[in-house]
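Colleague: You'll find start15.cif just under this line, and it carries mmCIF, C-alpha atoms.
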data_entry
loop_
_atom_site.label_atom_id
_atom_site.label_comp_id
_atom_site.auth_asym_id
_atom_site.auth_seq_id
_atom_site.Cartn_x
_atom_site.Cartn_y
_atom_site.Cartn_z
CA MET A 1 -23.49 -76.22 43.11
CA SER A 2 -21.60 -73.09 44.04
CA PRO A 3 -23.57 -69.84 44.48
CA ASN A 4 -20.61 -68.07 42.83
CA LEU A 5 -21.34 -69.72 39.48
CA SER A 6 -24.35 -69.20 37.27
CA TRP A 7 -26.36 -71.81 35.44
CA SER A 8 -24.53 -70.78 32.27
CA HIS A 9 -21.23 -71.69 33.99
CA TYR A 10 -22.58 -75.13 34.80
CA ARG A 11 -23.87 -75.60 31.27
CA SER A 12 -20.28 -75.12 30.09
CA LEU A 13 -18.95 -77.45 32.80
CA LEU A 14 -21.41 -80.19 31.85
CA ARG A 15 -19.79 -80.39 28.42
CA VAL A 16 -16.52 -81.56 30.07
CA THR A 17 -16.76 -85.36 30.13
CA ARG A 18 -13.84 -86.22 32.44
CA PRO A 19 -14.76 -85.77 36.13
CA GLU A 20 -11.26 -84.66 37.21
CA ALA A 21 -11.09 -82.03 34.46
CA ARG A 22 -14.61 -80.81 35.24
CA ALA A 23 -13.75 -80.49 38.94
CA PHE A 24 -10.61 -78.50 38.06
CA TYR A 25 -12.47 -76.01 35.87
CA GLU A 26 -15.16 -75.55 38.53
CA VAL A 27 -12.55 -74.78 41.22
CA GLU A 28 -10.65 -72.41 38.95
CA ALA A 29 -13.81 -70.61 37.84
CA ILE A 30 -14.75 -70.00 41.49
CA ASN A 31 -11.26 -69.03 42.67
CA ASN A 32 -10.60 -66.66 39.75
CA ALA A 33 -14.14 -65.31 39.23
CA TRP A 34 -14.09 -66.39 35.59
CA SER A 35 -16.87 -65.16 33.37
CA VAL A 36 -18.75 -67.75 31.31
CA ARG A 37 -16.76 -66.63 28.27
CA GLU A 38 -13.42 -67.06 30.05
CA LEU A 39 -14.45 -70.46 31.41
CA SER A 40 -15.40 -71.59 27.91
CA ARG A 41 -12.09 -70.35 26.56
CA GLN A 42 -10.06 -72.18 29.22
CA ILE A 43 -11.98 -75.38 28.54
CA GLY A 44 -11.48 -74.93 24.81
CA SER A 45 -7.75 -74.30 25.23
CA LEU A 46 -7.44 -77.51 27.32
CA LEU A 47 -5.90 -75.74 30.31
CA PHE A 48 -6.29 -78.80 32.54
CA ASP A 49 -4.41 -81.01 30.07
CA ARG A 50 -1.62 -78.49 29.63
CA LEU A 51 -1.09 -78.17 33.38
CA ALA A 52 -1.51 -81.91 33.99
CA LYS A 53 1.22 -82.99 31.54
CA SER A 54 4.07 -82.69 34.03
CA ARG A 55 2.26 -83.99 37.12
CA ASP A 56 2.17 -87.42 38.70
CA LYS A 57 -1.06 -89.09 39.80
CA LYS A 58 -1.05 -87.41 43.22
CA GLY A 59 -0.33 -84.04 41.64
CA LEU A 60 -3.11 -84.64 39.14
CA MET A 61 -5.63 -85.28 41.92
CA ARG A 62 -4.52 -82.12 43.76
CA LEU A 63 -5.03 -80.21 40.52
CA ALA A 64 -8.57 -81.57 40.25
CA ARG A 65 -9.47 -80.84 43.88
CA GLN A 66 -7.66 -77.57 44.53
CA GLY A 67 -7.02 -76.03 41.11
CA GLN A 68 -3.69 -74.55 40.02
CA GLU A 69 -1.30 -74.13 42.95
CA VAL A 70 1.78 -71.95 42.53
CA THR A 71 4.54 -72.84 44.99
CA ARG A 72 7.58 -73.14 42.71
CA PRO A 73 8.70 -71.59 39.41
CA MET A 74 7.76 -74.70 37.40
CA ASP A 75 4.13 -74.30 38.47
CA VAL A 76 3.65 -71.16 36.36
CA LEU A 77 4.81 -72.82 33.15
CA LYS A 78 2.37 -73.91 30.45
CA ASP A 79 3.69 -75.70 27.39
CA PRO A 80 2.24 -74.98 24.93
CA MET A 81 0.86 -71.53 25.69
CA VAL A 82 -2.26 -70.82 23.63
CA LEU A 83 -2.50 -67.32 22.13
CA GLU A 84 -5.46 -67.77 19.81
CA PHE A 85 -7.03 -64.56 21.17
CA LEU A 86 -4.42 -62.54 19.25
CA SER A 87 -6.05 -63.54 15.94
CA LEU A 88 -2.63 -63.61 14.29
CA PRO A 89 -2.17 -65.98 11.34
CA GLU A 90 0.73 -68.42 11.33
CA SER A 91 2.97 -66.79 8.77
CA PRO A 92 6.71 -66.55 8.03
CA ARG A 93 6.18 -62.78 7.86
CA LEU A 94 5.25 -62.59 11.54
CA VAL A 95 7.84 -60.49 13.38
CA GLU A 96 8.52 -60.18 17.10
CA SER A 97 7.38 -56.55 17.28
CA MET A 98 3.99 -57.55 15.81
CA LEU A 99 3.63 -60.37 18.34
CA GLU A 100 4.61 -58.08 21.21
CA GLN A 101 2.17 -55.36 20.14
CA ALA A 102 -0.65 -57.91 19.87
CA LEU A 103 0.09 -59.21 23.38
CA ILE A 104 0.08 -55.70 24.86
CA GLY A 105 -3.16 -54.94 23.03
CA ASN A 106 -4.70 -58.03 24.64
CA LEU A 107 -2.91 -57.71 27.96
CA LYS A 108 -5.86 -58.72 30.13
CA THR A 109 -6.38 -61.97 28.24
CA PHE A 110 -2.63 -62.61 28.12
CA LEU A 111 -2.43 -62.26 31.92
CA LEU A 112 -5.22 -64.83 32.24
CA GLU A 113 -3.31 -67.18 29.96
CA LEU A 114 -0.09 -66.68 31.93
CA GLY A 115 -1.92 -67.69 35.11
CA LYS A 116 -2.15 -66.64 38.72
CA GLY A 117 -0.03 -63.91 40.25
CA PHE A 118 1.34 -62.07 37.21
CA ALA A 119 1.47 -58.26 37.22
CA PHE A 120 2.66 -56.29 34.18
CA VAL A 121 5.69 -54.02 34.76
CA SER A 122 7.06 -52.84 31.43
CA ARG A 123 7.80 -53.58 27.78
CA GLN A 124 11.03 -53.08 25.84
CA GLU A 125 12.87 -52.25 29.06
CA ARG A 126 16.31 -50.92 28.19
CA ILE A 127 19.56 -52.16 29.70
CA THR A 128 22.67 -50.08 28.99
CA LEU A 129 26.14 -51.49 29.59
CA ASP A 130 29.24 -49.55 28.49
CA GLY A 131 27.24 -47.69 25.86
CA ASP A 132 25.54 -50.78 24.43
CA HIS A 133 21.74 -50.98 24.66
CA PHE A 134 19.70 -54.16 25.14
CA TYR A 135 15.93 -54.47 25.37
CA ILE A 136 13.85 -56.95 27.37
CA ASP A 137 10.58 -57.61 25.54
CA LEU A 138 8.24 -57.94 28.54
CA VAL A 139 8.76 -57.64 32.30
CA PHE A 140 6.30 -58.97 34.88
CA TYR A 141 6.33 -59.37 38.64
CA HIS A 142 4.89 -62.51 40.20
CA ALA A 143 3.04 -61.65 43.40
CA ILE A 144 2.98 -65.24 44.73
CA LEU A 145 6.55 -66.25 43.94
CA LYS A 146 7.82 -62.74 44.85
CA CYS A 147 10.09 -62.38 41.84
CA TYR A 148 10.48 -60.66 38.49
CA VAL A 149 9.64 -62.67 35.37
CA LEU A 150 11.36 -61.63 32.14
CA ILE A 151 9.78 -62.79 28.88
CA ASP A 152 11.64 -62.88 25.59
CA LEU A 153 9.54 -63.37 22.44
CA LYS A 154 10.76 -65.32 19.41
CA VAL A 155 9.04 -65.99 16.10
CA GLY A 156 11.57 -68.57 14.85
CA LYS A 157 13.00 -71.79 16.22
CA LEU A 158 14.83 -71.38 19.53
CA THR A 159 18.64 -71.25 19.35
CA HIS A 160 21.40 -71.50 21.96
CA ALA A 161 22.07 -67.78 21.40
CA ASP A 162 18.50 -66.99 22.51
CA LEU A 163 19.09 -68.97 25.71
CA GLY A 164 22.29 -67.07 26.38
CA GLN A 165 20.44 -63.79 25.90
CA ILE A 166 17.71 -64.56 28.45
CA GLN A 167 20.39 -65.77 30.89
CA PHE A 168 22.11 -62.39 30.49
CA TYR A 169 18.87 -60.54 31.24
CA VAL A 170 18.20 -62.66 34.34
CA ASN A 171 21.74 -62.18 35.68
CA TYR A 172 21.45 -58.42 35.19
CA TYR A 173 18.11 -58.22 36.95
CA ASP A 174 19.35 -60.27 39.88
CA ARG A 175 22.32 -57.95 40.36
CA GLU A 176 20.83 -54.56 39.53
CA ARG A 177 17.05 -54.62 39.99
CA ARG A 178 16.31 -57.27 42.57
CA THR A 179 15.63 -55.82 46.03
CA GLU A 180 15.45 -57.23 49.54
CA GLY A 181 12.53 -59.64 49.77
CA ASP A 182 12.60 -60.55 46.08
CA ASN A 183 13.34 -64.12 45.07
CA PRO A 184 15.68 -64.89 42.13
CA THR A 185 14.48 -63.60 38.77
CA LEU A 186 12.86 -66.01 36.31
CA GLY A 187 13.41 -65.96 32.57
CA LEU A 188 10.90 -67.34 30.06
CA ILE A 189 11.32 -67.61 26.30
CA LEU A 190 8.12 -67.94 24.26
CA CYS A 191 8.79 -69.47 20.85
CA PRO A 192 6.86 -71.43 18.21
CA ASP A 193 9.41 -74.27 18.11
CA LYS A 194 12.37 -75.53 20.12
CA ASN A 195 14.88 -78.36 20.29
CA ASP A 196 14.71 -79.80 23.80
CA ALA A 197 18.20 -81.27 23.55
CA VAL A 198 19.64 -77.82 22.77
CA VAL A 199 17.76 -76.38 25.77
CA LYS A 200 18.99 -79.17 28.05
CA TYR A 201 22.68 -78.92 27.15
CA THR A 202 22.77 -75.13 26.95
CA LEU A 203 21.08 -74.42 30.29
CA GLY A 204 22.15 -77.45 32.33
CA GLU A 205 21.07 -76.95 35.93
CA GLN A 206 19.61 -73.53 35.12
CA LEU A 207 16.77 -75.36 33.37
CA LYS A 208 15.61 -76.62 36.77
CA ARG A 209 16.04 -73.32 38.55
CA ASN A 210 15.14 -70.10 36.81
CA ILE A 211 15.25 -70.32 32.98
CA PHE A 212 12.29 -71.81 31.12
CA THR A 213 11.14 -72.19 27.55
CA SER A 214 7.59 -72.67 26.30
CA ARG A 215 6.05 -73.04 22.89
CA TYR A 216 3.15 -70.85 21.87
CA GLN A 217 0.32 -71.72 19.50
CA LEU A 218 -1.76 -69.18 17.62
CA TYR A 219 -4.72 -71.56 17.47
CA LEU A 220 -6.58 -73.83 19.90
CA PRO A 221 -4.88 -77.25 20.19
CA THR A 222 -6.76 -80.52 19.91
CA VAL A 223 -6.59 -83.34 22.44
CA GLU A 224 -4.69 -85.39 19.84
CA GLU A 225 -2.08 -82.65 19.45
CA LEU A 226 -1.52 -82.53 23.20
CA GLN A 227 -1.21 -86.32 23.34
CA GLN A 228 1.40 -86.20 20.58
CA GLU A 229 3.26 -83.49 22.50
CA LEU A 230 3.21 -85.64 25.65
CA ARG A 231 4.59 -88.64 23.77
CA ARG A 232 7.30 -86.42 22.29
CA GLU A 233 8.31 -85.23 25.77
CA LEU A 234 8.37 -88.79 27.10
CA ARG A 235 10.72 -89.81 24.30
CA PHE A 236 12.97 -86.93 25.28
CA LEU A 237 12.92 -87.80 28.98
CA ILE A 238 13.48 -91.57 28.63
CA PRO A 239 17.07 -92.46 27.53
CA GLN A 240 17.23 -94.08 24.11
CA ASN A 241 19.31 -96.99 25.44
CA ALA A 242 16.99 -97.69 28.39
CA PRO A 243 15.90 -101.36 28.31
CA SER A 244 12.20 -102.04 27.89
CA LYS A 245 10.17 -103.77 30.61
CA LYS A 246 9.86 -106.82 28.38
CA ALA A 247 13.62 -107.01 27.90
CA VAL A 248 14.29 -106.65 31.62
CA LYS A 249 11.79 -109.41 32.44
CA LYS A 250 13.31 -111.73 29.85
CA LYS A 251 16.82 -111.06 31.16
CA GLY A 252 15.77 -111.88 34.73
CA THR A 253 14.25 -115.23 33.73
CA SER A 254 16.47 -118.24 34.27
CA LYS A 255 16.07 -121.88 33.27
CA LYS A 256 15.51 -124.43 36.04
#
Could you spell out this file's structure in structure tokens?
Modeller:
Amino acid sequence: MSPNLSWSHYRSLLRVTRPEARAFYEVEAINNAWSVRELSRQIGSLLFDRLAKSRDKKGLMRLARQGQEVTRPMDVLKDPMVLEFLSLPESPRLVESMLEQALIGNLKTFLLELGKGFAFVSRQERITLDGDHFYIDLVFYHAILKCYVLIDLKVGKLTHADLGQIQFYVNYYDRERRTEGDNPTLGLILCPDKNDAVVKYTLGEQLKRNIFTSRYQLYLPTVEELQQELRRELRFLIPQNAPSKKAVKKKGTSKK
């Protein structure tokens, strides 16, 4: 038992049944000096499951032993991102300015949800080009990755125009704001819904480099919801015409 955690911390940890998840939350609570309340929230929001979705078995074990490691842009991404602390109802009347104001009002908790290394820079940062004004919703700097992170907020389903907009912001920042020692700027769109095929064909290689999209939820997800999300992603990643293992085995069998 770590002297950095109280008995109340361990009472929360004991409620986590999976050993690898429990080990992860213990490491993260120590490394980030989480309060009991924050630890309970991260357990309730299934942080381990959200981070584990895109990792192989070796990566999963590293996550359990060492906690969240940030060495590449993909490591800072959570999908979905859970924003239940905003206490905003899911409503068609929700507008981006309301979402942005709620995030700024809960900036400390939002930074914890974003993860390690994020520092707030500005909101509604104006870009002026030939008399036209454009506004970036939120600007952060990532102290570990040494780069700016631009966040664009959406309350409707993601479109290819939204992806073009964040690409424009990233290109501008790389040319006009990035200084010596800074790595390429990252762009992140937070939206309630997205079409992964549209993201894939709009961004192409940019999807692997510096433009990312993540869903947000205004309520705590269940394990079943995350499992459904994982199955959905697997369907997207595996080609529809890929032969099944059973079909491949049958094809390779020959009569003697």
Colleague: Taking the file above as input, evaluate the PyMOL selection byres ((chain A and resi 109-118) around 8) and report the hits as a PyMOL selection string.
Modeller: chain A and resi 70+76-78+81-83+85+103+106-108+119-120+140-145
Colleague: Once 3 Å is added on each side, what centre and edge lengths in Å to one decimal does the axis-aligned box around all listed atoms of region 184-195 of chain A have, as AutoDock Vina command-line options?
Modeller:
--center_x 11.3 --center_y -71.0 --center_z 30.1 --size_x 14.8 --size_y 20.8 --size_z 30.0
Colleague: Give the answer as one residue: which of A:Leu5, A:Asp193, A:Tyr25, A:Val155 has the shortest atom-to-atom distance to Arg93 (chain A), using only C-alpha atoms?
Modeller: A:Val155
Colleague: Have a look at CA of Leu203 (chain A) and CA of Gln167 (chain A) and let me know their distance in Å, one decimal.
Modeller: 8.7 Å
Colleague: Looking at A:Ser8, A:Thr17, A:Thr213, A:Ser40, which one is nearest to Lys154 (chain A), with distances taken over all atoms listed in the file?
Modeller: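 Closest candidate: A:Thr213.
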Colleague: Apply the PyMOL selection byres ((chain A and resi 48-50) around 8) to the file shown and report the selected residues as number ranges by chain.
Modeller: A: 21, 24-25, 43, 46-47, 51-53, 78-80, 226
Colleague: Give me, please, the distance in Å between CA of Ser12 (chain A) and CA of Leu39 (chain A), quoted to one decimal.
Modeller: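 Calculated distance between CA of Ser12 (chain A) and CA of Leu39 (chain A) is 7.6 Å.
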Colleague: So what do you get for CA of Phe212 (chain A) versus CA of Gly156 (chain A), distance-wise?
Modeller: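 CA of Gly156 (chain A) lies at a distance of 16.6 Å from CA of Phe212 (chain A).
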Colleague: Just checking: using only C-alpha atoms, which residue out of A:Ser214, A:Thr222, A:Ser97, A:Gln124 ends up closest to Asn195 (chain A)?
Modeller: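 The answer is A:Ser214, which sits nearest to Asn195 (chain A).
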Colleague: Using only C-alpha atoms, which residue out of A:Ser87, A:Leu150, A:Ile189, A:Arg18 lies closest to Tyr173 (chain A)?
Modeller: A:Leu150
Colleague: Could you write out as a list in words the residues that the PyMOL selection byres ((chain A and resi 33) around 12) matches in the shown file?
Modeller: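 Evaluating the PyMOL selection byres ((chain A and resi 33) around 12) on this file yields Ser2, Pro3, Asn4, Leu5, Ser6, His9, Tyr25, Glu26, Val27, Glu28, Ala29, Ile30, Asn31, Asn32, Trp34, Ser35, Val36, Arg37, Glu38, Leu39 and Leu112 of chain A.
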Colleague: Could you tell me, as a PyMOL selection string, which residues have any atom at most 10 Å from (-20.2, -83.5, 38.4), counting all atoms listed in the file?
Modeller: chain A and resi 1+10+13-14+16-20+22-23+26
Colleague: Need to verify the contact set: Gln165 (chain A), 12 Å, only C-alpha atoms, exclusion of same-chain residues closer than 4 positions in sequence. Can you return it as a list in words?
Modeller: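 My list of contacting residues is Phe134, Tyr135, Ile136, Asp137, Leu150, Ile151, Asp152, Leu153, Lys154, Leu158, Thr159, His160, Ala161, Tyr169, Val170, Asn171, Tyr172, Gly187, Leu188, Ile189, Thr202, Leu203 and Ile211 of chain A.
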Colleague: Which of these, A:Gln217, A:Asn210, A:Thr128, A:Gln68, has the shortest distance to Asn183 (chain A) once you count all atoms listed in the file?
Modeller: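 Going through A:Gln217, A:Asn210, A:Thr128, A:Gln68 one by one, the smallest distance to Asn183 (chain A) is for A:Asn210.
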